[in-house]
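Remarks on the structure that follows.
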Amino acid sequence: MMIITSLLLLAIGFTLVFTLWKRMAHALQMLQQCHYMNDRFTTWIAGHRLVAFPLPLSVLVVIYWGLMVLTSLSTGISEVALTWGALIISLLGVGMIKISSGVSKESKKPLKITARVWRIIATGVVVMLLFSGLGLALLESHIELVGVQVIGWLLIFNLFAYFLMLVANWLNKPMENSIRLGFINDARRIIKNSQSLDVVGVTGSYGKTSTKHALNAILSEQFNTLMTPESYNTPMGITITIRNYLKPIHSKFIAEMGAYKVGEINELCNIAYPKYGILTSVGPQHLETFKTIDHVKQTKFELIEFLPADGIGFINIDDENIRDYYENKFKGVCTVYTYGINQKADYRAKDIVVSEKGTTFNVVFRDGSVHEFQTKLLGLHNIYNIVASIALGNELGIPVEKMKIAVRKMKPVTHRLELRRNGNFTIIDDAFNSNPVGSKMALEVLGQMSGKRIVLTPGMVDLGSAQYELNKAFGTYMKDTCDYVILVGKKQTEPIQEGLAEVGFPKENITVAENLTEAFKVMYEVVEPGAFVLIENDLPELFAE
């Protein structure tokens, strides 16, 4: 009987270690998506309490340790009864973890196993060993029940897995800051020693990545260029790019620069030391951390204000927030050229013609000359990105004919208004990180298409107190641009539903799906040959309901 009990305890122990790893990995995945910022991770935990602290598991842990305390007080509970009670409770605990943790879902942005992740895990393990060791020492009079006590601690650690990763990340902060500073100083040294290198910074509330790709396409026609990969727009992302990929052959380095609070763009500039800068937009993105739009303006302009006297900044003068700051608060010393479509600008696009095959437009250069460009890309925001890149290319002396070739060859950035044929209909994939300006432009693109027009979206996130009204406005824009709406997430899309109702969008042409899988099922039911389906945003786990 003892052998069977021991084997059961061992099997349950291994199972709980496995579930603990899964919960820790999911916690680390969310922490990573929060950029290792404990305040953002705490907010996520507060919004997903039943995932971080499953209520049934909490009850079972209390019962389990209640039995352990009663036994330690010698209340007459036999060791056999305690062991089998513990086995039953722990089995129920394993079941509760599997049912309620929510960590088995297919991930859209999986955990990247990095050295920092391993350091957090190591610290978490040390914390768990210290607590469990202390607990075993306090209950040493029942040394024969060590196996039962270990199971109890594993249940506790499963319950507090997310909190443990939060604590481990906090404990590691001094060490991480030291490691981070060492890497950053090395990146600075590399940049300073690259005498023939020009660095181009690209920032904005949205449009950074697309502009970076457009700029790389144009500059690479004449120079050896390097751009930060994917969304490597943080201090460590830029540092990694410099240390691992920058070579002496590169003469232009394009650094995408993102920020979540005031001062972070300045920090990035003090790593990369840009000579040129492009500011694409200023809008209500990341207001959860920025708090006010004035803080966003100030932060985004840190790039242009950092540029040296012989540098050049390019700003989107059509953006009212950029225009306001530039006219009233700008403190930079560099030359600044404007670009746009609607306002008078140094570089301005006009005569824009959009079709299913792409876009044709003219660009008026600051010397008054006019040049026609063609691109496969869709959407006015892509025109802005291309014009900004043409402006810098012209200032760097790239012949117009070379730039025309580059613009004609440009391919859509993945998940950013990317046209994809899907059988007998077309998907307009704009699933990456939707924003108020880009979502409206995406709907305008959809509205120009012939055939049935369908939009599939969970709405926009991370917009702070303005999120409800911006999503409501997003719903109102759908009236004249699409024929059928598929919303993902009942609570998340309430403001969009209100906007649709306000403009009288037909209720029979609206479906609210619980998740993305259900939404795609609906899409295949309502799609027709020759239809266009706009997928606007793909809600990451960080904001999922």
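Convention: chains lettered A, B, ... in structure tokens order; per-chain residue numbering from 1; ligands numbered from 1 as shown.
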
### Task
Taking the DSSP assignment computed from this structure's backbone, write out as a PyMOL selection string all residues of stretch 111-274 of chain A that belong to strand (DSSP E or B).
chain A and resi 198-203+225-227+252-256

Only N, CA, C and O atoms, please: the residues just picked out, written as a PDB file, in the first residue's frame.
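Written out: part-v7.pdb:
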ATOM      1  N   ASP A 198      25.810  56.869 -40.920  1.00  0.00           N
ATOM      2  CA  ASP A 198      24.726  57.799 -40.594  1.00  0.00           C
ATOM      3  C   ASP A 198      23.561  57.002 -40.024  1.00  0.00           C
ATOM      4  O   ASP A 198      23.153  55.984 -40.600  1.00  0.00           O
ATOM      5  N   VAL A 199      23.036  57.473 -38.906  1.00  0.00           N
ATOM      6  CA  VAL A 199      21.899  56.802 -38.271  1.00  0.00           C
ATOM      7  C   VAL A 199      20.629  57.602 -38.525  1.00  0.00           C
ATOM      8  O   VAL A 199      20.618  58.829 -38.379  1.00  0.00           O
ATOM      9  N   VAL A 200      19.577  56.881 -38.924  1.00  0.00           N
ATOM     10  CA  VAL A 200      18.264  57.490 -39.163  1.00  0.00           C
ATOM     11  C   VAL A 200      17.300  56.942 -38.115  1.00  0.00           C
ATOM     12  O   VAL A 200      17.073  55.735 -38.047  1.00  0.00           O
ATOM     13  N   GLY A 201      16.738  57.825 -37.301  1.00  0.00           N
ATOM     14  CA  GLY A 201      15.737  57.409 -36.329  1.00  0.00           C
ATOM     15  C   GLY A 201      14.343  57.584 -36.908  1.00  0.00           C
ATOM     16  O   GLY A 201      14.067  58.568 -37.595  1.00  0.00           O
ATOM     17  N   VAL A 202      13.474  56.622 -36.643  1.00  0.00           N
ATOM     18  CA  VAL A 202      12.075  56.691 -37.108  1.00  0.00           C
ATOM     19  C   VAL A 202      11.172  56.467 -35.901  1.00  0.00           C
ATOM     20  O   VAL A 202      11.268  55.433 -35.236  1.00  0.00           O
ATOM     21  N   THR A 203      10.321  57.446 -35.618  1.00  0.00           N
ATOM     22  CA  THR A 203       9.403  57.286 -34.501  1.00  0.00           C
ATOM     23  C   THR A 203       8.034  57.839 -34.849  1.00  0.00           C
ATOM     24  O   THR A 203       7.843  58.482 -35.881  1.00  0.00           O
ATOM     25  N   THR A 225      22.631  49.391 -46.286  1.00  0.00           N
ATOM     26  CA  THR A 225      21.788  49.776 -45.154  1.00  0.00           C
ATOM     27  C   THR A 225      21.548  48.612 -44.200  1.00  0.00           C
ATOM     28  O   THR A 225      21.628  47.439 -44.564  1.00  0.00           O
ATOM     29  N   LEU A 226      21.234  48.972 -42.962  1.00  0.00           N
ATOM     30  CA  LEU A 226      20.788  48.018 -41.947  1.00  0.00           C
ATOM     31  C   LEU A 226      19.614  48.655 -41.229  1.00  0.00           C
ATOM     32  O   LEU A 226      19.656  49.836 -40.887  1.00  0.00           O
ATOM     33  N   MET A 227      18.561  47.886 -41.025  1.00  0.00           N
ATOM     34  CA  MET A 227      17.437  48.391 -40.228  1.00  0.00           C
ATOM     35  C   MET A 227      17.167  47.444 -39.069  1.00  0.00           C
ATOM     36  O   MET A 227      17.466  46.248 -39.135  1.00  0.00           O
ATOM     37  N   LYS A 252      24.379  53.312 -43.662  1.00  0.00           N
ATOM     38  CA  LYS A 252      23.132  53.873 -43.145  1.00  0.00           C
ATOM     39  C   LYS A 252      22.472  52.847 -42.222  1.00  0.00           C
ATOM     40  O   LYS A 252      22.254  51.697 -42.617  1.00  0.00           O
ATOM     41  N   PHE A 253      22.155  53.282 -41.013  1.00  0.00           N
ATOM     42  CA  PHE A 253      21.479  52.427 -40.034  1.00  0.00           C
ATOM     43  C   PHE A 253      20.132  53.052 -39.696  1.00  0.00           C
ATOM     44  O   PHE A 253      20.059  54.173 -39.192  1.00  0.00           O
ATOM     45  N   ILE A 254      19.041  52.336 -39.997  1.00  0.00           N
ATOM     46  CA  ILE A 254      17.679  52.823 -39.766  1.00  0.00           C
ATOM     47  C   ILE A 254      17.161  52.200 -38.469  1.00  0.00           C
ATOM     48  O   ILE A 254      16.984  50.982 -38.384  1.00  0.00           O
ATOM     49  N   ALA A 255      16.944  53.044 -37.465  1.00  0.00           N
ATOM     50  CA  ALA A 255      16.543  52.552 -36.145  1.00  0.00           C
ATOM     51  C   ALA A 255      15.107  52.966 -35.837  1.00  0.00           C
ATOM     52  O   ALA A 255      14.807  54.153 -35.706  1.00  0.00           O
ATOM     53  N   GLU A 256      14.229  51.982 -35.754  1.00  0.00           N
ATOM     54  CA  GLU A 256      12.858  52.256 -35.305  1.00  0.00           C
ATOM     55  C   GLU A 256      12.885  52.524 -33.813  1.00  0.00           C
ATOM     56  O   GLU A 256      13.548  51.803 -33.054  1.00  0.00           O
TER      57      GLU A 256
END

### Task
List every residue of stretch 145-200 of chain A that DSSP, applied to the backbone of this structure, assigns to helix (DSSP H, G or I), and report them as JSON, numbers by chain.
{"A": [145, 146, 147, 148, 149, 150, 151, 152, 153, 154, 155, 156, 157, 158, 159, 161, 162, 163, 164, 165, 166, 167, 168, 169, 170, 171, 173, 174, 175, 176, 177, 178, 179, 180, 181, 182, 183, 184, 185, 186, 187, 188, 189, 190, 191, 192, 193]}

### Query
Do you know which residues are at most 10 Å from A:Glu267 counting only C-alpha atoms, after dropping those on the same chain fewer than 4 positions away, and could you put them as number ranges by chain?
A: 234-235, 257, 259, 262-263, 271-273, 302-303

Dump all heavy atoms for the selected residues as a compact mmCIF listing (two decimals), in the first residue's frame?
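Wrote it out as again14.txt, contents follow:
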# COMPACT_ATOMS: atom_id res chain seq x y z
N THR A 234 13.06 49.04 -28.86
CA THR A 234 13.35 49.35 -27.46
C THR A 234 14.85 49.54 -27.28
O THR A 234 15.63 49.24 -28.19
CB THR A 234 12.88 48.20 -26.56
OG1 THR A 234 13.64 47.02 -26.89
CG2 THR A 234 11.40 47.91 -26.75
N PRO A 235 15.30 50.03 -26.11
CA PRO A 235 16.74 50.16 -25.90
C PRO A 235 17.51 48.86 -26.15
O PRO A 235 18.55 48.87 -26.82
CB PRO A 235 16.83 50.58 -24.43
CG PRO A 235 15.57 51.35 -24.20
CD PRO A 235 14.53 50.62 -25.01
N MET A 257 12.16 53.55 -33.37
CA MET A 257 12.21 53.96 -31.96
C MET A 257 10.81 54.03 -31.37
O MET A 257 9.99 54.83 -31.81
CB MET A 257 12.91 55.31 -31.83
CG MET A 257 14.36 55.30 -32.27
SD MET A 257 15.15 56.92 -32.09
CE MET A 257 16.88 56.47 -32.39
N ALA A 259 8.26 54.02 -27.68
CA ALA A 259 8.30 54.53 -26.31
C ALA A 259 6.97 54.29 -25.62
O ALA A 259 5.92 54.25 -26.26
CB ALA A 259 8.62 56.02 -26.30
N VAL A 262 7.55 59.31 -21.15
CA VAL A 262 8.40 60.46 -21.45
C VAL A 262 9.86 60.12 -21.18
O VAL A 262 10.19 59.50 -20.16
CB VAL A 262 7.98 61.68 -20.60
CG1 VAL A 262 8.94 62.84 -20.82
CG2 VAL A 262 6.55 62.10 -20.96
N GLY A 263 10.73 60.51 -22.11
CA GLY A 263 12.17 60.31 -21.94
C GLY A 263 12.73 59.08 -22.64
O GLY A 263 13.95 58.98 -22.81
N ILE A 271 21.70 56.11 -27.44
CA ILE A 271 22.35 54.85 -27.81
C ILE A 271 22.78 54.90 -29.27
O ILE A 271 23.93 54.58 -29.61
CB ILE A 271 21.39 53.65 -27.59
CG1 ILE A 271 21.02 53.52 -26.12
CG2 ILE A 271 22.05 52.34 -28.09
CD1 ILE A 271 19.92 52.50 -25.85
N ALA A 272 21.88 55.34 -30.15
CA ALA A 272 22.12 55.27 -31.59
C ALA A 272 22.69 56.56 -32.18
O ALA A 272 23.26 56.53 -33.27
CB ALA A 272 20.83 54.91 -32.31
N TYR A 273 22.51 57.70 -31.52
CA TYR A 273 23.00 58.99 -31.99
C TYR A 273 22.59 59.29 -33.43
O TYR A 273 23.43 59.40 -34.32
CB TYR A 273 24.53 59.08 -31.85
CG TYR A 273 25.00 58.90 -30.43
CD1 TYR A 273 25.58 57.71 -30.00
CD2 TYR A 273 24.85 59.93 -29.50
CE1 TYR A 273 26.00 57.54 -28.69
CE2 TYR A 273 25.27 59.77 -28.18
CZ TYR A 273 25.84 58.58 -27.79
OH TYR A 273 26.25 58.41 -26.48
N GLU A 302 11.22 64.20 -29.02
CA GLU A 302 12.58 64.04 -28.48
C GLU A 302 13.56 63.63 -29.57
O GLU A 302 14.74 64.02 -29.54
CB GLU A 302 12.57 62.99 -27.36
CG GLU A 302 11.94 63.48 -26.07
CD GLU A 302 11.76 62.39 -25.04
OE1 GLU A 302 12.16 61.23 -25.31
OE2 GLU A 302 11.23 62.68 -23.95
N LEU A 303 13.10 62.87 -30.55
CA LEU A 303 13.97 62.47 -31.67
C LEU A 303 14.43 63.68 -32.47
O LEU A 303 15.63 63.87 -32.70
CB LEU A 303 13.25 61.48 -32.58
CG LEU A 303 13.92 61.17 -33.93
CD1 LEU A 303 15.31 60.57 -33.72
CD2 LEU A 303 13.05 60.25 -34.78

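Residues in contact range of A:Asp346, defined as at most 6 Å between only C-alpha atoms, with sequence neighbours fewer than 5 positions away removed, read Tyr337, Thr338, Tyr339 and Arg366 of chain A.
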
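Using only C-alpha atoms, the nearest neighbour of A:Asn169 within the list A:Lys275, A:Lys300, A:Arg49, A:His35 is A:His35.
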
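The neighbours of A:Asp310 here are the residues that come within 10 Å of it, using only C-alpha atoms and leaving out any residue fewer than 6 positions away in the same chain; they are Lys275, Tyr276, Val333, Cys334 and Thr335 of chain A.
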
Those selected residues, please, written with N, CA and C atoms and delivered as a compact mmCIF listing (two decimals), in the first residue's frame.
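So the final result, stored in again.txt, reads:
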# COMPACT_ATOMS: atom_id res chain seq x y z
N LYS A 275 21.49 61.12 -36.88
CA LYS A 275 21.74 62.39 -37.57
C LYS A 275 20.47 62.83 -38.30
N TYR A 276 19.67 61.88 -38.70
CA TYR A 276 18.41 62.15 -39.40
C TYR A 276 17.26 61.54 -38.61
N VAL A 333 17.58 72.14 -32.94
CA VAL A 333 18.55 72.99 -33.64
C VAL A 333 18.79 72.52 -35.07
N CYS A 334 18.21 71.39 -35.45
CA CYS A 334 18.46 70.83 -36.78
C CYS A 334 17.57 71.50 -37.83
N THR A 335 17.87 71.25 -39.09
CA THR A 335 16.97 71.65 -40.18
C THR A 335 15.76 70.72 -40.16

### Message
When you look at A:Met441 with a cut-off of 9 Å (counting only C-alpha atoms), what residues show up, excluding the ones that are within fewer than 6 positions of it in the same chain? I need them as a PyMOL selection string.
### Response
chain A and resi 379-381

### Task
Determine, counting only C-alpha atoms, which protein, DNA and RNA residues have an atom within 9 Å of an atom of A:Glu498; residues of the same chain fewer than 6 positions away are not included. Present the result as a list in words.
Lys472, Gly475 and Thr476 of chain A

### Task
Kindly give the distance, in Å, that separates atom CA of A:Ile242 and atom CA of A:Ala187, rounded to a single decimal.
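Between atom CA of A:Ile242 and atom CA of A:Ala187 the gap is 5.8 Å.
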
### Query
Between A:Leu246, A:Leu111, A:Arg23, A:Asn233, which has the minimum distance to A:Ala161 (counting only C-alpha atoms)?
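The answer is A:Arg23, which sits nearest to A:Ala161.
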
### Task
Could you jot down the atom CA of A:Gln149 to atom CA of A:Ala25 separation for me, Å, one decimal place?
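Between these atoms lies a distance of 24.2 Å.
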
### Task
Rounded to one decimal place, report the atom CA of A:Leu31-atom CA of A:Ile151 distance in Å.
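Distance between the two atoms: 26.7 Å.
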